[in-house]
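K.L.:
Supplied structure: protein-v2.cif, mmCIF, C-alpha atoms.
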```cif
data_run
#
loop_
_atom_site.label_atom_id
_atom_site.label_comp_id
_atom_site.auth_asym_id
_atom_site.auth_seq_id
_atom_site.Cartn_x
_atom_site.Cartn_y
_atom_site.Cartn_z
CA MET M 1 15.48 -135.03 118.43
CA LYS M 2 16.71 -137.48 115.81
CA ASN M 3 20.45 -138.01 115.64
CA ILE M 4 22.82 -139.75 113.22
CA SER M 5 24.88 -142.89 113.75
CA ILE M 6 28.50 -142.70 112.60
CA ILE M 7 30.22 -145.80 111.20
CA ALA M 8 33.97 -145.66 110.62
CA GLY M 9 36.45 -148.25 109.36
CA VAL M 10 40.05 -147.65 110.50
CA TYR M 11 43.51 -149.21 110.62
CA ASN M 12 46.61 -147.77 112.34
CA GLU M 13 45.21 -144.23 112.52
CA GLU M 14 46.61 -143.01 115.84
CA ARG M 15 47.80 -139.75 114.24
CA ARG M 16 44.47 -138.81 112.65
CA ILE M 17 41.69 -140.62 114.46
CA GLU M 18 41.23 -138.12 117.28
CA TYR M 19 40.66 -135.28 114.80
CA MET M 20 37.98 -137.37 113.11
CA LEU M 21 36.30 -138.50 116.33
CA GLN M 22 36.26 -134.99 117.77
CA SER M 23 34.68 -133.73 114.55
CA PHE M 24 31.86 -136.29 114.89
CA ALA M 25 31.55 -136.20 118.68
CA TRP M 26 28.13 -134.53 118.32
CA SER M 27 26.74 -137.97 117.39
CA ASP M 28 25.22 -140.04 120.19
CA ASP M 29 26.23 -143.28 118.43
CA ILE M 30 29.68 -143.96 116.95
CA VAL M 31 30.49 -147.47 115.72
CA LEU M 32 34.12 -148.23 114.86
CA ILE M 33 35.35 -151.13 112.72
CA ASP M 34 39.01 -151.59 113.64
CA LYS M 35 41.05 -153.77 111.29
CA SER M 36 43.50 -155.07 113.92
CA SER M 37 45.41 -151.82 114.36
CA GLN M 38 48.91 -152.23 115.80
CA ASP M 39 49.18 -148.71 117.21
CA ARG M 40 47.11 -146.64 119.69
CA THR M 41 44.06 -146.34 117.42
CA VAL M 42 41.71 -148.36 119.65
CA GLU M 43 43.04 -146.82 122.86
CA ILE M 44 42.28 -143.34 121.54
CA ALA M 45 38.92 -144.38 120.11
CA ARG M 46 37.71 -145.71 123.46
CA LYS M 47 37.60 -142.13 124.74
CA TYR M 48 34.74 -141.55 122.30
CA THR M 49 32.96 -144.90 121.90
CA ASN M 50 32.71 -148.41 123.28
CA ASN M 51 31.10 -149.74 120.09
CA ILE M 52 34.26 -151.15 118.51
CA ILE M 53 34.19 -154.16 116.19
CA SER M 54 37.65 -155.76 115.91
CA ILE M 55 38.36 -157.76 112.76
CA PRO M 56 41.44 -159.19 111.01
CA TYR M 57 43.05 -156.77 108.58
CA GLN M 58 41.26 -156.49 105.21
CA ASP M 59 40.56 -153.76 102.68
CA GLY M 60 36.87 -154.53 102.26
CA THR M 61 34.54 -154.63 105.28
CA GLY M 62 31.69 -156.81 103.99
CA GLU M 63 29.92 -158.69 106.79
CA GLU M 64 31.51 -156.48 109.44
CA LEU M 65 29.89 -153.46 107.85
CA GLN M 66 26.51 -155.18 108.13
CA ARG M 67 27.24 -155.88 111.80
CA ALA M 68 28.08 -152.23 112.35
CA VAL M 69 24.85 -151.13 110.67
CA ALA M 70 22.91 -153.55 112.87
CA LEU M 71 24.54 -151.99 115.95
CA ALA M 72 23.68 -148.46 114.84
CA THR M 73 20.84 -147.12 116.97
CA ASN M 74 19.68 -144.25 114.77
CA GLU M 75 17.50 -144.13 111.67
CA TRP M 76 20.18 -142.27 109.71
CA VAL M 77 23.74 -143.58 109.18
CA LEU M 78 26.80 -141.63 108.03
CA PHE M 79 29.89 -143.51 106.80
CA VAL M 80 33.30 -141.95 107.46
CA THR M 81 37.02 -142.73 107.50
CA ALA M 82 39.95 -141.30 109.44
CA SER M 83 40.43 -138.89 106.52
CA ASP M 84 37.15 -137.12 107.26
CA VAL M 85 36.04 -134.09 109.23
CA ILE M 86 32.76 -132.17 109.00
CA HIS M 87 32.08 -128.48 109.44
CA PRO M 88 29.93 -127.77 112.55
CA LYS M 89 27.55 -125.54 110.56
CA LEU M 90 26.88 -128.41 108.17
CA VAL M 91 26.04 -130.63 111.15
CA GLU M 92 23.46 -128.07 112.27
CA LYS M 93 21.88 -127.98 108.82
CA VAL M 94 21.73 -131.75 108.48
CA LEU M 95 20.23 -132.31 111.92
CA ASP M 96 17.64 -129.66 111.15
CA LEU M 97 16.73 -131.45 107.91
CA ILE M 98 16.24 -134.93 109.36
CA ASN M 99 14.13 -133.52 112.20
CA ARG M 100 11.65 -131.81 109.88
CA GLU M 101 8.31 -133.63 109.83
CA ASP M 102 7.95 -133.01 106.09
CA PHE M 103 11.42 -134.33 105.16
CA ASP M 104 10.61 -137.32 102.92
CA TYR M 105 14.02 -138.40 101.63
CA ASP M 106 16.18 -141.51 102.11
CA VAL M 107 19.56 -140.10 101.10
CA ILE M 108 21.28 -136.78 101.77
CA ALA M 109 24.07 -135.77 99.38
CA LEU M 110 26.39 -133.65 101.51
CA PRO M 111 28.47 -130.72 100.23
CA PHE M 112 31.84 -132.40 99.65
CA ALA M 113 35.37 -131.04 99.82
CA LEU M 114 37.87 -133.59 98.52
CA TYR M 115 41.57 -132.89 98.96
CA VAL M 116 44.23 -135.04 97.27
CA LEU M 117 47.91 -134.43 98.14
CA GLY M 118 46.83 -131.20 99.79
CA ILE M 119 45.12 -129.78 96.68
CA ARG M 120 41.48 -128.94 96.08
CA ASP M 121 40.30 -127.52 92.78
CA PRO M 122 36.65 -128.26 91.95
CA LYS M 123 37.01 -126.92 88.40
CA ARG M 124 40.02 -128.86 87.14
CA SER M 125 40.65 -131.74 89.51
CA PRO M 126 39.78 -135.17 88.02
CA TRP M 127 38.50 -136.09 91.48
CA CYS M 128 36.08 -133.15 91.50
CA MET M 129 32.89 -133.90 93.43
CA VAL M 130 30.64 -131.18 94.82
CA ASN M 131 28.26 -133.55 96.65
CA LYS M 132 28.57 -137.06 98.05
CA ASP M 133 25.60 -139.21 99.00
CA ILE M 134 26.92 -140.91 102.14
CA LEU M 135 24.17 -140.09 104.64
CA VAL M 136 21.53 -142.79 104.25
CA ARG M 137 18.46 -144.11 106.06
CA LYS M 138 19.03 -147.66 107.27
CA SER M 139 15.84 -148.77 105.51
CA ALA M 140 17.31 -147.78 102.11
CA LEU M 141 20.89 -148.88 102.70
CA VAL M 142 22.67 -151.50 100.58
CA THR M 143 26.11 -152.81 101.60
CA SER M 144 28.84 -154.57 99.61
CA ASP M 145 32.20 -156.20 100.36
CA LYS M 146 33.90 -154.55 97.36
CA VAL M 147 36.34 -151.75 98.01
CA HIS M 148 35.12 -148.24 97.04
CA THR M 149 31.54 -149.52 96.67
CA GLU M 150 30.89 -150.61 100.24
CA ILE M 151 27.68 -148.64 100.51
CA SER M 152 24.88 -147.70 98.14
CA TYR M 153 21.13 -147.33 98.45
CA ASP M 154 17.86 -148.52 97.02
CA SER M 155 15.92 -145.29 96.68
CA THR M 156 15.34 -142.38 94.35
CA LYS M 157 14.55 -139.98 97.20
CA ILE M 158 17.83 -138.07 97.25
CA TYR M 159 18.18 -134.62 98.79
CA ARG M 160 21.14 -132.72 97.37
CA MET M 161 22.37 -129.95 99.62
CA SER M 162 23.70 -126.81 98.00
CA PRO M 163 27.48 -126.95 97.35
CA SER M 164 29.63 -124.81 99.61
CA GLU M 165 33.27 -123.75 99.50
CA ASP M 166 33.74 -123.94 103.26
CA VAL M 167 30.73 -125.50 105.01
CA ALA M 168 31.27 -129.04 103.83
CA PHE M 169 32.15 -132.63 104.57
CA TYR M 170 35.95 -132.73 104.14
CA HIS M 171 37.79 -135.82 102.88
CA LEU M 172 41.52 -135.20 103.37
CA THR M 173 43.18 -138.12 101.63
CA HIS M 174 46.67 -139.04 100.39
CA GLU M 175 48.66 -136.61 102.50
CA THR M 176 51.95 -137.80 100.99
CA LEU M 177 53.03 -139.65 97.88
CA GLU M 178 54.18 -142.54 100.05
CA MET M 179 50.62 -142.96 101.37
CA PHE M 180 49.24 -142.43 97.87
CA TRP M 181 51.28 -145.25 96.29
CA GLU M 182 50.75 -147.62 99.21
CA ARG M 183 46.97 -147.32 98.90
CA HIS M 184 47.10 -147.48 95.12
CA THR M 185 48.96 -150.77 95.36
CA ARG M 186 46.52 -152.28 97.86
CA TYR M 187 43.33 -151.19 96.16
CA THR M 188 44.25 -151.83 92.53
CA ARG M 189 45.57 -155.31 93.37
CA LEU M 190 42.36 -156.04 95.27
CA GLU M 191 40.13 -154.79 92.44
CA ALA M 192 42.07 -156.89 89.94
CA GLY M 193 41.08 -159.91 92.00
CA TYR M 194 37.36 -159.28 91.43
CA TYR M 195 37.58 -160.47 87.81
CA THR M 196 37.11 -164.08 86.71
CA ASP M 197 37.39 -163.80 82.91
CA GLY M 198 40.87 -162.69 81.82
CA ASN M 199 39.95 -161.35 78.40
CA MET M 200 36.93 -159.42 79.70
CA ALA M 201 39.00 -158.12 82.62
CA LEU M 202 41.71 -156.75 80.34
CA LYS M 203 39.15 -155.06 78.11
CA ALA M 204 37.26 -153.57 81.04
CA SER M 205 40.35 -152.26 82.85
CA PHE M 206 41.81 -150.86 79.62
CA LYS M 207 38.55 -149.02 78.92
CA GLU M 208 38.73 -147.55 82.43
CA LEU M 209 42.26 -146.37 81.69
CA LEU M 210 41.19 -144.72 78.42
CA ARG M 211 38.28 -143.06 80.19
CA ALA M 212 40.62 -141.72 82.88
CA LEU M 213 42.82 -140.18 80.19
CA TYR M 214 39.74 -138.62 78.59
CA VAL M 215 38.63 -137.14 81.92
CA VAL M 216 42.03 -135.60 82.62
CA VAL M 217 42.89 -134.33 79.13
CA VAL M 218 39.53 -133.50 77.54
CA LYS M 219 36.76 -133.23 80.13
CA LYS M 220 38.57 -131.55 83.02
CA LYS M 221 41.61 -130.19 81.17
CA SER M 222 43.52 -130.64 84.41
CA PHE M 223 46.73 -129.30 82.83
CA LEU M 224 45.15 -125.82 82.77
CA ARG M 225 45.55 -125.83 86.55
CA GLY M 226 49.31 -125.57 86.00
CA TRP M 227 51.82 -127.95 87.53
CA ASP M 228 49.38 -128.83 90.31
CA GLY M 229 46.86 -129.86 87.68
CA VAL M 230 49.45 -131.90 85.81
CA ALA M 231 50.38 -133.68 89.05
CA LEU M 232 46.77 -134.41 89.97
CA GLY M 233 45.98 -135.60 86.45
CA LEU M 234 48.92 -137.98 86.38
CA ALA M 235 48.10 -139.21 89.88
CA TYR M 236 44.50 -139.92 88.83
CA VAL M 237 45.50 -141.82 85.67
CA SER M 238 48.15 -143.79 87.56
CA TYR M 239 45.46 -145.62 89.52
CA PHE M 240 43.97 -147.07 86.35
CA ILE M 241 47.39 -147.85 84.92
CA MET M 242 48.23 -149.87 88.02
CA LYS M 243 44.86 -151.62 87.98
CA PHE M 244 45.32 -152.65 84.33
CA LEU M 245 48.82 -153.93 85.06
CA TYR M 246 47.63 -156.00 88.02
CA VAL M 247 44.86 -157.47 85.84
CA TRP M 248 47.43 -158.22 83.12
CA GLU M 249 49.81 -159.80 85.63
CA ARG M 250 47.04 -161.93 87.11
CA PHE M 251 45.89 -163.42 83.82
CA ARG M 252 48.97 -163.17 81.58
CA GLY M 253 51.96 -162.53 83.80
CA LYS M 254 54.78 -165.09 83.49
CA GLY M 255 57.53 -163.47 85.52
CA PRO M 256 58.08 -165.88 88.46
CA ALA M 257 57.50 -169.06 86.44
CA GLU M 258 59.70 -167.93 83.55
CA TYR M 259 62.49 -166.71 85.79
CA ASP M 260 62.44 -169.96 87.77
CA ARG M 261 62.67 -171.89 84.48
CA ILE M 262 65.74 -169.89 83.44
CA ARG M 263 67.40 -170.27 86.83
CA ARG M 264 66.85 -174.03 86.89
CA ALA M 265 68.25 -174.31 83.36
CA ILE M 266 71.50 -172.51 84.07
CA VAL M 267 72.20 -173.01 87.79
CA PRO M 268 73.44 -176.62 88.31
CA SER M 269 72.20 -176.99 91.88
CA HIS M 270 68.62 -176.35 90.75
CA ARG M 271 68.48 -178.58 87.64
CA ALA M 272 67.06 -181.64 89.40
#
```
Output the file's structure as structure tokens, nothing else.
P.N.:
Amino acid sequence: MKNISIIAGVYNEERRIEYMLQSFAWSDDIVLIDKSSQDRTVEIARKYTNNIISIPYQDGTGEELQRAVALATNEWVLFVTASDVIHPKLVEKVLDLINREDFDYDVIALPFALYVLGIRDPKRSPWCMVNKDILVRKSALVTSDKVHTEISYDSTKIYRMSPSEDVAFYHLTHETLEMFWERHTRYTRLEAGYYTDGNMALKASFKELLRALYVVVVKKKSFLRGWDGVALGLAYVSYFIMKFLYVWERFRGKGPAEYDRIRRAIVPSHRA
């Protein structure tokens, strides 16, 4: 019987990691990339796997992800985070698929249930996604060190499983606004650093912001979901607002230099 290797990147997840690892304990090969957690994350993880790659803290995984893939012993690899759990019935269906002799695909798009701030609404949420292609054959896998695009694939053989309300791969992210803003700050600042041309960066990030507004107001009409829809819509757009502002600050921001100039001009002890 073919099985699936699980690769997970984690940092300070002692509260959630056991839920995730128990959900994927059916796998015979779990590889963990730990980003120098300061809590009990690794201690808990060792109950489920000895394949733990320890790295300095970083938001992207890059070369470490390639190391994890190289360690994976199965033909198929599934990428997860501490936010994820999978329904047991979906596991049965997926294992049945990859063990069929006539199954000639390189990617399986799993039924996906994305929750943001505790809310799921496939019809109006700007994050709506009914399938996610995160189960990939190693032979078709492509990795990257850029956040949110760490994995992709070089194949057109994609099997899309039928969407399901309950039997799905669950991504339970941003449990609180505090977690939401903390991750927004990290990721948008990191993405702003990918640009090299200031003018092109500002144009690109502003276009992303306009597109986000279009998705929320016109395409999804998130406000029709009521106050929950308004909250989700604003939360979605806020990511692109922050990204644009970090790009602007990087290439045009003058705050520290200008404030230091003013202080040196008016505070005698700093005029020299």
K.L.:
List every protein, DNA or RNA residue that has at least one atom no more than 12 Å from (27.3, -131.2, 109.8) in the file's coordinates, counting all atoms listed in the file, and write the result as an MDAnalysis selection string.
P.N.:
chainID M and resid 3:4 6 23:27 78 84:98 108:112 135 161 166:170
K.L.:
Can you write out the residues you just picked, keeping C-alpha atoms, as a short mmCIF file (atom, residue, chain, number, x, y, z; two decimals), keeping the file's coordinate frame?
P.N.:
```
data_model
loop_
_atom_site.label_atom_id
_atom_site.label_comp_id
_atom_site.auth_asym_id
_atom_site.auth_seq_id
_atom_site.Cartn_x
_atom_site.Cartn_y
_atom_site.Cartn_z
CA ASN M 3 20.45 -138.01 115.64
CA ILE M 4 22.82 -139.75 113.22
CA ILE M 6 28.50 -142.70 112.60
CA SER M 23 34.68 -133.73 114.55
CA PHE M 24 31.86 -136.29 114.89
CA ALA M 25 31.55 -136.20 118.68
CA TRP M 26 28.13 -134.53 118.32
CA SER M 27 26.74 -137.97 117.39
CA LEU M 78 26.80 -141.63 108.03
CA ASP M 84 37.15 -137.12 107.26
CA VAL M 85 36.04 -134.09 109.23
CA ILE M 86 32.76 -132.17 109.00
CA HIS M 87 32.08 -128.48 109.44
CA PRO M 88 29.93 -127.77 112.55
CA LYS M 89 27.55 -125.54 110.56
CA LEU M 90 26.88 -128.41 108.17
CA VAL M 91 26.04 -130.63 111.15
CA GLU M 92 23.46 -128.07 112.27
CA LYS M 93 21.88 -127.98 108.82
CA VAL M 94 21.73 -131.75 108.48
CA LEU M 95 20.23 -132.31 111.92
CA ASP M 96 17.64 -129.66 111.15
CA LEU M 97 16.73 -131.45 107.91
CA ILE M 98 16.24 -134.93 109.36
CA ILE M 108 21.28 -136.78 101.77
CA ALA M 109 24.07 -135.77 99.38
CA LEU M 110 26.39 -133.65 101.51
CA PRO M 111 28.47 -130.72 100.23
CA PHE M 112 31.84 -132.40 99.65
CA LEU M 135 24.17 -140.09 104.64
CA MET M 161 22.37 -129.95 99.62
CA ASP M 166 33.74 -123.94 103.26
CA VAL M 167 30.73 -125.50 105.01
CA ALA M 168 31.27 -129.04 103.83
CA PHE M 169 32.15 -132.63 104.57
CA TYR M 170 35.95 -132.73 104.14
#
```
K.L.:
Go through M:Lys146, M:Arg100, M:Lys2, M:His171 one by one, measure the shortest atom-to-atom distance of each to Phe79 in chain M using only C-alpha atoms, and give the residue with the smallest value.
P.N.:
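Of M:Lys146, M:Arg100, M:Lys2, M:His171, the one nearest Phe79 in chain M is M:His171, counting only C-alpha atoms.
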K.L.:
Fewer than 4 positions away in the same chain doesn't count, so skip those; otherwise give me all residues within 10 Å of Arg183 in chain M, counting only C-alpha atoms, as a list in words.
P.N.:
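In the requested format, the answer is Asp59, His174, Leu177, Glu178, Met179, Tyr187, Thr188, Arg189 and Tyr239 of chain M.
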K.L.:
Create the file for the chosen residues now, containing C-alpha atoms and written as a PDB file, in the coordinates of the input.
P.N.:
```pdb
ATOM      1  CA  ASP M  59      40.560-153.760 102.680  1.00  0.00           C
ATOM      2  CA  HIS M 174      46.670-139.040 100.390  1.00  0.00           C
ATOM      3  CA  LEU M 177      53.030-139.650  97.880  1.00  0.00           C
ATOM      4  CA  GLU M 178      54.180-142.540 100.050  1.00  0.00           C
ATOM      5  CA  MET M 179      50.620-142.960 101.370  1.00  0.00           C
ATOM      6  CA  TYR M 187      43.330-151.190  96.160  1.00  0.00           C
ATOM      7  CA  THR M 188      44.250-151.830  92.530  1.00  0.00           C
ATOM      8  CA  ARG M 189      45.570-155.310  93.370  1.00  0.00           C
ATOM      9  CA  TYR M 239      45.460-145.620  89.520  1.00  0.00           C
TER      10      TYR M 239
END
```
K.L.:
Quick one: pull the distance between CA of Pro122 in chain M and CA of Trp181 in chain M, Å, one decimal.
P.N.:
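So the answer is 22.8 Å.
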K.L.:
Determine the residue membership of the PyMOL selection byres ((chain M and resi 148) around 10) for the file above and supply it as a VMD selection string.
P.N.:
chain M and resid 59 to 60 144 to 147 149 to 151 187 191
K.L.:
May I have the residues within 8 Å of Lys138 in chain M as a PDB file with C-alpha atoms, in the frame of the given file, using only C-alpha atoms and disregarding those fewer than 6 positions away in the same chain?
P.N.:
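The result, stored in around_3.pdb:
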```
ATOM      1  CA  VAL M  69      24.850-151.130 110.670  1.00  0.00           C
ATOM      2  CA  GLU M  75      17.500-144.130 111.670  1.00  0.00           C
ATOM      3  CA  TRP M  76      20.180-142.270 109.710  1.00  0.00           C
ATOM      4  CA  VAL M  77      23.740-143.580 109.180  1.00  0.00           C
TER       5      VAL M  77
END
```
K.L.:
Can you tell me how far CA of Val230 in chain M sits from CA of Glu249 in chain M, in Å to one decimal?
P.N.:
27.9 Å
K.L.:
Give as a ChimeraX atom specification the residues that the PyMOL selection byres ((chain M and resi 104) around 12) matches when applied to the coordinates above.
P.N.:
/M:97-103,105-108,137,155-159
K.L.:
Keeping C-alpha atoms for every residue in the selection just given, could you write it to a file as a short mmCIF file (atom, residue, chain, number, x, y, z; two decimals), in the frame of the given file?
P.N.:
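The resulting file, again_13.cif, is shown below:
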```cif
data_model
loop_
_atom_site.label_atom_id
_atom_site.label_comp_id
_atom_site.auth_asym_id
_atom_site.auth_seq_id
_atom_site.Cartn_x
_atom_site.Cartn_y
_atom_site.Cartn_z
CA LEU M 97 16.73 -131.45 107.91
CA ILE M 98 16.24 -134.93 109.36
CA ASN M 99 14.13 -133.52 112.20
CA ARG M 100 11.65 -131.81 109.88
CA GLU M 101 8.31 -133.63 109.83
CA ASP M 102 7.95 -133.01 106.09
CA PHE M 103 11.42 -134.33 105.16
CA TYR M 105 14.02 -138.40 101.63
CA ASP M 106 16.18 -141.51 102.11
CA VAL M 107 19.56 -140.10 101.10
CA ILE M 108 21.28 -136.78 101.77
CA ARG M 137 18.46 -144.11 106.06
CA SER M 155 15.92 -145.29 96.68
CA THR M 156 15.34 -142.38 94.35
CA LYS M 157 14.55 -139.98 97.20
CA ILE M 158 17.83 -138.07 97.25
CA TYR M 159 18.18 -134.62 98.79
#
```
K.L.:
Can you list, as a list of chain:residue names, every protein, DNA or RNA residue that comes within 10 Å of Tyr236 in chain M when you count all atoms listed in the file, leaving out same-chain residues fewer than 2 positions away?
P.N.:
M:Val116, M:Ser125, M:Pro126, M:Trp127, M:Leu209, M:Ala212, M:Leu213, M:Val215, M:Val216, M:Val230, M:Ala231, M:Leu232, M:Gly233, M:Leu234, M:Ser238, M:Tyr239, M:Phe240, M:Ile241
K.L.:
So which residues touch Glu43 in chain M within 12 Å, counting all atoms listed in the file, skipping near sequence neighbours fewer than 6 positions away, as a list in words?
P.N.:
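Result of the neighbour search: Asn12, Glu13, Glu14, Ile17, Glu18, Asp34, Ser37, Thr49, Asn50 and Ile52 of chain M.
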K.L.:
Choose the residue, out of M:Ile53, M:Thr176, M:Tyr11, M:Gln66, that has the smallest atom-to-atom separation from Gln38 in chain M; count only C-alpha atoms.
P.N.:
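Counting only C-alpha atoms, the residue closest to Gln38 in chain M is M:Tyr11.
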K.L.:
Distance CA of Lys220 in chain M-CA of Arg124 in chain M, one decimal place?
P.N.:
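One can read the CA of Lys220 in chain M to CA of Arg124 in chain M distance as 5.1 Å.
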